[in-house]
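Contents: one structure, followed by commentary.
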Amino acid sequence: STLDWESREDGFVSVGRIVSEKNILRNIEIVCALRSRGYDLHYHIAGPIDSSSALPFSSNYSDKIRSAVSGKEHIKLEGSLSREGLLDLLSRHKYAIHGKEHEHFGIAVAEMVSAGMLPFIPETGGQVEVINSANQLMYSNKWDAIDKIDSLIEDKTAIDDLRNSMPDIDLKFGKSRFQQEISN
């Protein structure tokens with residue numbers, strides 16, 4: 001069950017493998033910049049963290065992430081979560097932040113919307129369809145993300161309008177829709 005908006009935590013969640021193309025370091029910078037503007041926000045990073053030294057580029061990025069969150073009480077590196085744990089985390093938070101540019105579809109973004117979150121995403125790729133191309137949720141760079149989130153976060157009317165404009169994920173992208181299209 002998803003909580004009503006006011007009962008949710010003022011925090012962000014990102015979902016996906018902890019790899020450089022997910023731009024987790026930029027997400028961390030965005031949340032830290034918003035905190036420096038006076039917002040009491042936190043950030044959960046959910047996804048598998050590569051710890052093997054067999055993949056030096058990935059483990060190097062994992063080390064950078066661990067270093068970037070070290071000593072920051074407001075950022076929690078969750079690692080891999082069970083499906084139930086992930087859905088619980090998403091349903092308890094207001095915002096999501098997605099960093100991958102040129103995403104083909106963005107299943108993580110669809111799950112965020114389905115959980116009732118407002119996801120902030122790069123303005124590239126198929127993921128923009130998942131949020132009905134809502135300009136207030138799409139950013140071109142770190143500073144654009146910070147400014148858009150800053151201007152939206154206190155605007156209850158804009159938040160309500162955006163939440164109401166999000167698609168019914170199951171209706172728009174769900175299995176039954178695809179089955180119907182194939183049947184047709």
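We label chains A, B, ... in the order they appear in the structure tokens, count residues from 1 in each chain, and number ligands from 1 in the order shown.
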Can you list every residue of range 32-113 of chain A that has an atom at most 7 Å from range 123-140 of chain A, with its nearest atom pair and the distance in Å to one decimal, using only C-alpha atoms, ordered by chain then number, as CSV?
```
residue,atom,partner,partner_atom,distance
A:Glu101,CA,A:Thr124,CA,5.9
A:His102,CA,A:Gly125,CA,4.1
A:Glu103,CA,A:Gly125,CA,4.9
A:His104,CA,A:Gly126,CA,5.0
A:Phe105,CA,A:Gly126,CA,4.4
A:Gly106,CA,A:Gln127,CA,4.9
A:Val109,CA,A:Gln127,CA,6.8
A:Ala110,CA,A:Val130,CA,5.9
```
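The set of residues in range 32-100 of chain A assigned to strand (DSSP E or B) by DSSP, using only backbone atoms of this structure, is A:His42, A:Tyr43, A:His44, A:Ile45, A:Ala46, A:Ile75, A:Lys76, A:Leu77, A:Glu78, A:Gly79, A:His93, A:Lys94, A:Tyr95, A:Ala96, A:Ile97.
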Any chance you can output those residues with N, CA and C atoms as a compact mmCIF listing (two decimals), in the first residue's frame?
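Full text of out_36.txt as output:
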```
# COMPACT_ATOMS: atom_id res chain seq x y z
N HIS A 42 17.05 13.65 2.46
CA HIS A 42 18.02 12.55 2.51
C HIS A 42 17.93 11.76 1.21
N TYR A 43 18.86 10.82 1.06
CA TYR A 43 19.00 10.10 -0.21
C TYR A 43 19.37 8.65 0.07
N HIS A 44 18.60 7.73 -0.53
CA HIS A 44 18.88 6.29 -0.47
C HIS A 44 19.35 5.83 -1.84
N ILE A 45 20.49 5.17 -1.89
CA ILE A 45 21.03 4.63 -3.13
C ILE A 45 20.84 3.12 -3.08
N ALA A 46 19.88 2.63 -3.87
CA ALA A 46 19.55 1.20 -3.86
C ALA A 46 20.05 0.54 -5.14
N ILE A 75 22.84 10.36 3.62
CA ILE A 75 22.91 9.50 2.44
C ILE A 75 23.16 8.07 2.89
N LYS A 76 22.32 7.16 2.43
CA LYS A 76 22.45 5.75 2.81
C LYS A 76 22.66 4.90 1.56
N LEU A 77 23.78 4.23 1.53
CA LEU A 77 24.09 3.29 0.46
C LEU A 77 23.44 1.96 0.84
N GLU A 78 22.29 1.68 0.24
CA GLU A 78 21.49 0.51 0.62
C GLU A 78 22.05 -0.80 0.07
N GLY A 79 22.68 -0.73 -1.11
CA GLY A 79 23.10 -1.97 -1.76
C GLY A 79 21.89 -2.67 -2.36
N HIS A 93 8.83 7.22 0.22
CA HIS A 93 9.53 8.46 -0.12
C HIS A 93 8.78 9.27 -1.17
N LYS A 94 8.98 10.58 -1.14
CA LYS A 94 8.31 11.47 -2.08
C LYS A 94 8.99 11.53 -3.44
N TYR A 95 10.31 11.52 -3.44
CA TYR A 95 11.05 11.82 -4.66
C TYR A 95 12.01 10.71 -5.05
N ALA A 96 12.26 10.68 -6.35
CA ALA A 96 13.28 9.77 -6.88
C ALA A 96 14.20 10.60 -7.74
N ILE A 97 15.42 10.15 -7.88
CA ILE A 97 16.34 10.81 -8.78
C ILE A 97 17.02 9.73 -9.61
```
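Using only C-alpha atoms, the shortest contact distance between Val13 in chain A and any of A:Ser67, A:Ser91, A:Asn164, A:Ser36 is found at A:Ser91.
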*Excluding Ser82 in chain A and residues on its chain fewer than 6 positions from it, collect all residues at most 12 Å away from it, counting only C-alpha atoms, and give them as a list in words.*
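After dropping sequence-adjacent residues, the list is Ala46, Gly47, Pro48, Asp88 and Leu89 of chain A.
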For the residues in the current selection, export N, CA and C atoms as a PDB file, in the first residue's frame.
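Printed below is selection_13.pdb as written:
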```
ATOM      1  N   ALA A  46      19.881   2.626  -3.871  1.00  0.00           N
ATOM      2  CA  ALA A  46      19.554   1.200  -3.865  1.00  0.00           C
ATOM      3  C   ALA A  46      20.049   0.542  -5.139  1.00  0.00           C
ATOM      4  N   GLY A  47      20.818  -0.506  -4.986  1.00  0.00           N
ATOM      5  CA  GLY A  47      21.288  -1.251  -6.144  1.00  0.00           C
ATOM      6  C   GLY A  47      22.559  -1.994  -5.837  1.00  0.00           C
ATOM      7  N   PRO A  48      22.831  -3.004  -6.639  1.00  0.00           N
ATOM      8  CA  PRO A  48      24.027  -3.817  -6.405  1.00  0.00           C
ATOM      9  C   PRO A  48      25.316  -3.008  -6.560  1.00  0.00           C
ATOM     10  N   ASP A  88       8.987  -1.210  -0.622  1.00  0.00           N
ATOM     11  CA  ASP A  88       8.725  -0.508   0.630  1.00  0.00           C
ATOM     12  C   ASP A  88       9.465   0.834   0.660  1.00  0.00           C
ATOM     13  N   LEU A  89      10.734   0.827   0.270  1.00  0.00           N
ATOM     14  CA  LEU A  89      11.536   2.049   0.251  1.00  0.00           C
ATOM     15  C   LEU A  89      10.918   3.085  -0.694  1.00  0.00           C
TER      16      LEU A  89
END
```
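Note that the spacing between CA of Leu25 in chain A and CA of Leu152 in chain A amounts to 22.2 Å.
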*With a distance cut-off of 8 Å and only C-alpha atoms, select the neighbouring residues of Val31 in chain A, excluding the residue or stretch itself and same-chain residues fewer than 2 positions from it, and output the selection as a list in words.*
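Returned residues: Asn27, Ile28, Glu29, Ala33, Leu34, Arg35, Leu41, His42, Tyr43 and Ile146 of chain A.
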*Separation of CA of Val69 in chain A from CA of Trp5 in chain A, in Å and rounded to one decimal*: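 CA of Trp5 in chain A lies at a distance of 27.1 Å from CA of Val69 in chain A.
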Would you list, as a tab-separated table (two decimals) with N, CA, C and O atoms, in the first residue's frame, the residues of chain A that end up in helix (DSSP H, G or I) under DSSP run on this structure's backbone?
```tsv
chain	number	residue	atom	x	y	z
A	5	TRP	N	0.78	11.39	0.32
A	5	TRP	CA	1.96	12.24	0.08
A	5	TRP	C	2.53	12.82	1.37
A	5	TRP	O	3.74	12.79	1.59
A	6	GLU	N	1.68	13.36	2.22
A	6	GLU	CA	2.16	14.03	3.43
A	6	GLU	C	2.80	13.06	4.42
A	6	GLU	O	3.62	13.47	5.24
A	7	SER	N	2.46	11.79	4.35
A	7	SER	CA	3.04	10.79	5.26
A	7	SER	C	4.39	10.26	4.77
A	7	SER	O	5.09	9.58	5.51
A	20	SER	N	29.11	3.85	-13.30
A	20	SER	CA	29.30	5.26	-13.68
A	20	SER	C	28.20	5.80	-14.57
A	20	SER	O	27.81	6.96	-14.44
A	21	GLU	N	27.66	5.00	-15.50
A	21	GLU	CA	26.64	5.54	-16.41
A	21	GLU	C	25.32	5.89	-15.70
A	21	GLU	O	24.48	6.57	-16.26
A	22	LYS	N	25.18	5.47	-14.45
A	22	LYS	CA	23.99	5.84	-13.67
A	22	LYS	C	24.16	7.21	-13.00
A	22	LYS	O	23.23	7.72	-12.39
A	24	ILE	N	25.57	8.36	-10.28
A	24	ILE	CA	25.25	8.42	-8.84
A	24	ILE	C	25.99	9.58	-8.17
A	24	ILE	O	25.44	10.26	-7.30
A	25	LEU	N	27.24	9.83	-8.58
A	25	LEU	CA	27.99	10.94	-7.98
A	25	LEU	C	27.28	12.27	-8.22
A	25	LEU	O	27.20	13.11	-7.32
A	26	ARG	N	26.74	12.46	-9.43
A	26	ARG	CA	25.98	13.68	-9.72
A	26	ARG	C	24.73	13.74	-8.84
A	26	ARG	O	24.40	14.81	-8.31
A	27	ASN	N	24.04	12.61	-8.67
A	27	ASN	CA	22.86	12.59	-7.80
A	27	ASN	C	23.23	13.04	-6.38
A	27	ASN	O	22.49	13.81	-5.75
A	28	ILE	N	24.36	12.54	-5.89
A	28	ILE	CA	24.82	12.91	-4.54
A	28	ILE	C	25.06	14.43	-4.48
A	28	ILE	O	24.65	15.09	-3.53
A	29	GLU	N	25.72	14.96	-5.51
A	29	GLU	CA	25.98	16.42	-5.56
A	29	GLU	C	24.67	17.21	-5.57
A	29	GLU	O	24.57	18.26	-4.92
A	30	ILE	N	23.67	16.73	-6.29
A	30	ILE	CA	22.37	17.41	-6.36
A	30	ILE	C	21.73	17.46	-4.98
A	30	ILE	O	21.29	18.52	-4.51
A	31	VAL	N	21.67	16.31	-4.31
A	31	VAL	CA	21.04	16.26	-2.98
A	31	VAL	C	21.81	17.12	-1.98
A	31	VAL	O	21.22	17.86	-1.20
A	32	CYS	N	23.13	17.07	-2.03
A	32	CYS	CA	23.95	17.89	-1.11
A	32	CYS	C	23.75	19.38	-1.38
A	32	CYS	O	23.67	20.17	-0.43
A	33	ALA	N	23.63	19.77	-2.64
A	33	ALA	CA	23.39	21.18	-2.98
A	33	ALA	C	22.03	21.62	-2.46
A	33	ALA	O	21.89	22.75	-1.96
A	34	LEU	N	21.03	20.77	-2.56
A	34	LEU	CA	19.70	21.11	-2.04
A	34	LEU	C	19.73	21.25	-0.52
A	34	LEU	O	19.11	22.15	0.04
A	35	ARG	N	20.49	20.39	0.14
A	35	ARG	CA	20.63	20.51	1.59
A	35	ARG	C	21.31	21.83	1.95
A	35	ARG	O	20.95	22.47	2.92
A	36	SER	N	22.30	22.23	1.13
A	36	SER	CA	23.00	23.49	1.43
A	36	SER	C	22.08	24.69	1.21
A	36	SER	O	22.33	25.77	1.74
A	56	PRO	N	38.02	-3.55	-12.60
A	56	PRO	CA	38.62	-2.37	-11.98
A	56	PRO	C	37.83	-1.08	-12.19
A	56	PRO	O	37.77	-0.25	-11.30
A	57	PHE	N	37.19	-0.93	-13.35
A	57	PHE	CA	36.46	0.33	-13.59
A	57	PHE	C	35.24	0.41	-12.68
A	57	PHE	O	34.98	1.42	-12.07
A	58	SER	N	34.50	-0.70	-12.57
A	58	SER	CA	33.31	-0.71	-11.73
A	58	SER	C	33.67	-0.57	-10.25
A	58	SER	O	33.05	0.20	-9.54
A	59	SER	N	34.64	-1.35	-9.80
A	59	SER	CA	34.98	-1.28	-8.39
A	59	SER	C	35.56	0.09	-8.06
A	59	SER	O	35.35	0.61	-6.97
A	60	ASN	N	36.27	0.69	-9.00
A	60	ASN	CA	36.79	2.04	-8.81
A	60	ASN	C	35.63	3.01	-8.59
A	60	ASN	O	35.68	3.86	-7.72
A	61	TYR	N	34.57	2.87	-9.37
A	61	TYR	CA	33.40	3.75	-9.22
A	61	TYR	C	32.71	3.48	-7.88
A	61	TYR	O	32.31	4.40	-7.18
A	62	SER	N	32.60	2.20	-7.52
A	62	SER	CA	32.02	1.85	-6.22
A	62	SER	C	32.80	2.49	-5.08
A	62	SER	O	32.21	3.00	-4.13
A	63	ASP	N	34.14	2.49	-5.20
A	63	ASP	CA	34.97	3.12	-4.18
A	63	ASP	C	34.70	4.62	-4.12
A	63	ASP	O	34.65	5.21	-3.04
A	64	LYS	N	34.53	5.25	-5.29
A	64	LYS	CA	34.21	6.69	-5.33
A	64	LYS	C	32.89	6.97	-4.63
A	64	LYS	O	32.75	7.96	-3.91
A	65	ILE	N	31.90	6.11	-4.86
A	65	ILE	CA	30.59	6.28	-4.24
A	65	ILE	C	30.72	6.12	-2.72
A	65	ILE	O	30.23	6.94	-1.95
A	66	ARG	N	31.39	5.06	-2.30
A	66	ARG	CA	31.58	4.84	-0.86
A	66	ARG	C	32.27	6.03	-0.20
A	66	ARG	O	31.90	6.46	0.88
A	67	SER	N	33.26	6.56	-0.88
A	67	SER	CA	33.99	7.72	-0.37
A	67	SER	C	33.08	8.96	-0.32
A	67	SER	O	33.10	9.71	0.66
A	68	ALA	N	32.26	9.14	-1.36
A	68	ALA	CA	31.38	10.32	-1.43
A	68	ALA	C	30.31	10.30	-0.34
A	68	ALA	O	29.87	11.36	0.11
A	69	VAL	N	29.86	9.12	0.08
A	69	VAL	CA	28.81	9.05	1.10
A	69	VAL	C	29.38	8.92	2.51
A	69	VAL	O	28.64	9.09	3.48
A	83	ARG	N	13.01	-7.54	-3.40
A	83	ARG	CA	11.92	-6.87	-4.15
A	83	ARG	C	10.99	-6.17	-3.16
A	83	ARG	O	10.61	-5.01	-3.36
A	84	GLU	N	10.62	-6.85	-2.11
A	84	GLU	CA	9.74	-6.30	-1.08
A	84	GLU	C	10.37	-5.08	-0.41
A	84	GLU	O	9.72	-4.06	-0.18
A	85	GLY	N	11.66	-5.18	-0.10
A	85	GLY	CA	12.38	-4.07	0.53
A	85	GLY	C	12.45	-2.85	-0.37
A	85	GLY	O	12.30	-1.71	0.09
A	86	LEU	N	12.68	-3.09	-1.66
A	86	LEU	CA	12.74	-1.99	-2.62
A	86	LEU	C	11.39	-1.30	-2.75
A	86	LEU	O	11.30	-0.06	-2.69
A	87	LEU	N	10.32	-2.07	-2.90
A	87	LEU	CA	8.98	-1.48	-3.04
A	87	LEU	C	8.60	-0.70	-1.79
A	87	LEU	O	7.99	0.37	-1.88
A	88	ASP	N	8.99	-1.21	-0.62
A	88	ASP	CA	8.73	-0.51	0.63
A	88	ASP	C	9.47	0.83	0.66
A	88	ASP	O	8.88	1.86	1.01
A	89	LEU	N	10.73	0.83	0.27
A	89	LEU	CA	11.54	2.05	0.25
A	89	LEU	C	10.92	3.09	-0.69
A	89	LEU	O	10.76	4.26	-0.33
A	90	LEU	N	10.54	2.65	-1.89
A	90	LEU	CA	9.94	3.56	-2.87
A	90	LEU	C	8.62	4.13	-2.35
A	90	LEU	O	8.36	5.33	-2.48
A	91	SER	N	7.81	3.30	-1.75
A	91	SER	CA	6.48	3.74	-1.32
A	91	SER	C	6.52	4.68	-0.11
A	91	SER	O	5.53	5.34	0.19
A	107	ILE	N	12.80	1.29	-16.75
A	107	ILE	CA	11.91	0.50	-15.90
A	107	ILE	C	11.96	1.00	-14.46
A	107	ILE	O	10.95	1.02	-13.77
A	108	ALA	N	13.13	1.45	-14.01
A	108	ALA	CA	13.24	1.98	-12.65
A	108	ALA	C	12.35	3.22	-12.50
A	108	ALA	O	11.66	3.38	-11.48
A	109	VAL	N	12.34	4.08	-13.52
A	109	VAL	CA	11.50	5.28	-13.48
A	109	VAL	C	10.02	4.89	-13.44
A	109	VAL	O	9.24	5.47	-12.69
A	110	ALA	N	9.65	3.87	-14.21
A	110	ALA	CA	8.26	3.39	-14.20
A	110	ALA	C	7.87	2.88	-12.81
A	110	ALA	O	6.77	3.14	-12.31
A	111	GLU	N	8.80	2.18	-12.15
A	111	GLU	CA	8.51	1.67	-10.81
A	111	GLU	C	8.36	2.82	-9.81
A	111	GLU	O	7.54	2.77	-8.90
A	112	MET	N	9.16	3.88	-9.99
A	112	MET	CA	9.07	5.04	-9.12
A	112	MET	C	7.70	5.71	-9.26
A	112	MET	O	7.06	6.04	-8.26
A	113	VAL	N	7.28	5.92	-10.48
A	113	VAL	CA	5.97	6.53	-10.74
A	113	VAL	C	4.86	5.64	-10.19
A	113	VAL	O	3.93	6.11	-9.54
A	114	SER	N	4.98	4.34	-10.44
A	114	SER	CA	3.99	3.39	-9.96
A	114	SER	C	3.87	3.41	-8.44
A	114	SER	O	2.78	3.23	-7.89
A	127	GLN	N	12.80	7.33	-21.15
A	127	GLN	CA	12.27	7.54	-19.80
A	127	GLN	C	11.36	8.77	-19.72
A	127	GLN	O	10.50	8.85	-18.85
A	128	VAL	N	11.52	9.74	-20.65
A	128	VAL	CA	10.66	10.93	-20.60
A	128	VAL	C	9.20	10.57	-20.86
A	128	VAL	O	8.30	11.23	-20.35
A	129	GLU	N	8.96	9.50	-21.63
A	129	GLU	CA	7.59	9.04	-21.88
A	129	GLU	C	6.94	8.55	-20.59
A	129	GLU	O	5.73	8.68	-20.41
A	130	VAL	N	7.76	7.96	-19.72
A	130	VAL	CA	7.24	7.37	-18.48
A	130	VAL	C	6.64	8.46	-17.57
A	130	VAL	O	5.72	8.20	-16.81
A	135	ASN	N	8.02	18.69	-17.94
A	135	ASN	CA	9.24	19.51	-17.95
A	135	ASN	C	9.83	19.77	-16.57
A	135	ASN	O	11.04	19.83	-16.42
A	136	GLN	N	8.97	19.92	-15.55
A	136	GLN	CA	9.47	20.23	-14.21
A	136	GLN	C	10.27	19.08	-13.62
A	136	GLN	O	11.01	19.27	-12.66
A	137	LEU	N	10.12	17.87	-14.18
A	137	LEU	CA	10.82	16.70	-13.66
A	137	LEU	C	12.04	16.31	-14.49
A	137	LEU	O	12.75	15.39	-14.15
A	142	LYS	N	23.36	19.12	-13.84
A	142	LYS	CA	23.28	19.17	-12.36
A	142	LYS	C	22.59	20.43	-11.87
A	142	LYS	O	21.69	20.38	-11.03
A	143	TRP	N	22.99	21.59	-12.40
A	143	TRP	CA	22.44	22.86	-11.91
A	143	TRP	C	20.97	23.02	-12.28
A	143	TRP	O	20.18	23.55	-11.50
A	144	ASP	N	20.59	22.53	-13.45
A	144	ASP	CA	19.19	22.55	-13.87
A	144	ASP	C	18.37	21.69	-12.91
A	144	ASP	O	17.27	22.09	-12.49
A	145	ALA	N	18.89	20.52	-12.55
A	145	ALA	CA	18.19	19.63	-11.60
A	145	ALA	C	18.01	20.33	-10.25
A	145	ALA	O	16.90	20.34	-9.69
A	146	ILE	N	19.07	20.93	-9.76
A	146	ILE	CA	19.01	21.60	-8.45
A	146	ILE	C	17.96	22.72	-8.48
A	146	ILE	O	17.11	22.81	-7.59
A	147	ASP	N	17.99	23.54	-9.51
A	147	ASP	CA	17.04	24.66	-9.62
A	147	ASP	C	15.59	24.17	-9.76
A	147	ASP	O	14.68	24.72	-9.15
A	148	LYS	N	15.38	23.14	-10.58
A	148	LYS	CA	14.01	22.63	-10.78
A	148	LYS	C	13.46	22.01	-9.50
A	148	LYS	O	12.31	22.24	-9.15
A	149	ILE	N	14.28	21.24	-8.82
A	149	ILE	CA	13.82	20.62	-7.57
A	149	ILE	C	13.56	21.70	-6.54
A	149	ILE	O	12.54	21.69	-5.85
A	150	ASP	N	14.47	22.67	-6.44
A	150	ASP	CA	14.34	23.78	-5.50
A	150	ASP	C	13.02	24.53	-5.73
A	150	ASP	O	12.29	24.82	-4.78
A	151	SER	N	12.69	24.80	-6.98
A	151	SER	CA	11.48	25.59	-7.24
A	151	SER	C	10.20	24.77	-7.04
A	151	SER	O	9.15	25.32	-6.76
A	152	LEU	N	10.31	23.45	-7.16
A	152	LEU	CA	9.12	22.60	-7.05
A	152	LEU	C	8.82	22.16	-5.62
A	152	LEU	O	7.66	22.08	-5.22
A	153	ILE	N	9.85	21.92	-4.85
A	153	ILE	CA	9.72	21.20	-3.59
A	153	ILE	C	8.79	21.89	-2.57
A	153	ILE	O	8.17	21.22	-1.76
A	156	LYS	N	3.20	23.18	-3.27
A	156	LYS	CA	2.26	22.08	-3.10
A	156	LYS	C	1.31	21.93	-4.28
A	156	LYS	O	1.01	20.82	-4.71
A	157	THR	N	0.86	23.05	-4.84
A	157	THR	CA	-0.06	23.01	-5.98
A	157	THR	C	0.61	22.36	-7.19
A	157	THR	O	0.03	21.48	-7.84
A	158	ALA	N	1.85	22.77	-7.47
A	158	ALA	CA	2.58	22.19	-8.60
A	158	ALA	C	2.84	20.70	-8.37
A	158	ALA	O	2.74	19.90	-9.31
A	159	ILE	N	3.16	20.33	-7.14
A	159	ILE	CA	3.39	18.92	-6.82
A	159	ILE	C	2.12	18.12	-7.05
A	159	ILE	O	2.15	17.06	-7.69
A	160	ASP	N	1.00	18.62	-6.56
A	160	ASP	CA	-0.27	17.91	-6.75
A	160	ASP	C	-0.60	17.78	-8.23
A	160	ASP	O	-1.03	16.71	-8.69
A	161	ASP	N	-0.40	18.86	-9.00
A	161	ASP	CA	-0.66	18.82	-10.44
A	161	ASP	C	0.22	17.78	-11.12
A	161	ASP	O	-0.25	17.01	-11.96
A	162	LEU	N	1.50	17.76	-10.77
A	162	LEU	CA	2.42	16.78	-11.36
A	162	LEU	C	2.03	15.36	-10.98
A	162	LEU	O	2.02	14.47	-11.84
A	163	ARG	N	1.71	15.15	-9.73
A	163	ARG	CA	1.33	13.81	-9.29
A	163	ARG	C	0.09	13.34	-10.04
A	163	ARG	O	0.01	12.18	-10.45
A	164	ASN	N	-0.86	14.24	-10.25
A	164	ASN	CA	-2.07	13.89	-10.98
A	164	ASN	C	-1.83	13.67	-12.47
A	164	ASN	O	-2.62	13.03	-13.15
A	165	SER	N	-0.72	14.24	-12.99
A	165	SER	CA	-0.42	14.10	-14.42
A	165	SER	C	0.38	12.84	-14.74
A	165	SER	O	0.55	12.50	-15.91
A	169	ILE	N	0.85	3.54	-14.70
A	169	ILE	CA	1.93	2.74	-15.29
A	169	ILE	C	1.42	1.41	-15.82
A	169	ILE	O	1.76	0.99	-16.92
A	170	ASP	N	0.56	0.75	-15.06
A	170	ASP	CA	0.07	-0.55	-15.50
A	170	ASP	C	-0.79	-0.40	-16.76
A	170	ASP	O	-0.68	-1.18	-17.70
A	171	LEU	N	-1.62	0.63	-16.78
A	171	LEU	CA	-2.48	0.87	-17.94
A	171	LEU	C	-1.66	1.24	-19.17
A	171	LEU	O	-1.92	0.76	-20.26
A	172	LYS	N	-0.65	2.09	-18.98
A	172	LYS	CA	0.12	2.58	-20.12
A	172	LYS	C	1.22	1.62	-20.58
A	172	LYS	O	1.49	1.52	-21.77
A	173	PHE	N	1.86	0.95	-19.63
A	173	PHE	CA	3.01	0.10	-19.97
A	173	PHE	C	2.88	-1.34	-19.50
A	173	PHE	O	3.81	-2.12	-19.64
A	175	LYS	N	1.55	-5.35	-18.65
A	175	LYS	CA	1.48	-6.60	-19.40
A	175	LYS	C	0.16	-6.72	-20.16
A	175	LYS	O	0.15	-7.12	-21.33
A	176	SER	N	-0.93	-6.36	-19.52
A	176	SER	CA	-2.24	-6.52	-20.17
A	176	SER	C	-2.35	-5.64	-21.41
A	176	SER	O	-2.94	-6.03	-22.41
A	177	ARG	N	-1.75	-4.44	-21.36
A	177	ARG	CA	-1.78	-3.56	-22.53
A	177	ARG	C	-1.02	-4.19	-23.69
A	177	ARG	O	-1.46	-4.18	-24.82
A	178	PHE	N	0.16	-4.73	-23.40
A	178	PHE	CA	0.96	-5.35	-24.45
A	178	PHE	C	0.26	-6.60	-25.01
A	178	PHE	O	0.28	-6.84	-26.21
A	179	GLN	N	-0.36	-7.36	-24.13
A	179	GLN	CA	-1.10	-8.54	-24.60
A	179	GLN	C	-2.24	-8.12	-25.53
A	179	GLN	O	-2.45	-8.73	-26.57
A	180	GLN	N	-2.93	-7.03	-25.17
A	180	GLN	CA	-4.03	-6.52	-25.98
A	180	GLN	C	-3.52	-6.05	-27.34
A	180	GLN	O	-4.12	-6.33	-28.37
A	181	GLU	N	-2.40	-5.33	-27.34
A	181	GLU	CA	-1.82	-4.85	-28.61
A	181	GLU	C	-1.42	-6.01	-29.50
A	181	GLU	O	-1.65	-5.94	-30.72
A	182	ILE	N	-0.84	-7.03	-28.92
A	182	ILE	CA	-0.44	-8.20	-29.71
A	182	ILE	C	-1.67	-8.90	-30.27
A	182	ILE	O	-1.71	-9.27	-31.44
A	183	SER	N	-2.71	-9.05	-29.44
A	183	SER	CA	-3.95	-9.66	-29.89
A	183	SER	C	-4.58	-8.89	-31.04
A	183	SER	O	-5.07	-9.47	-32.01
```
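Of the residues under consideration (A:Met166, A:Ile49, A:Leu118, A:Leu81), A:Leu118 shows the shortest atom-to-atom contact distance to Gly11 in chain A when counting only C-alpha atoms.
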_Report, in Å to a single decimal, how far apart CA of Gly38 in chain A and CA of Ile121 in chain A are._
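Distance reported for this atom pair: 22.1 Å.
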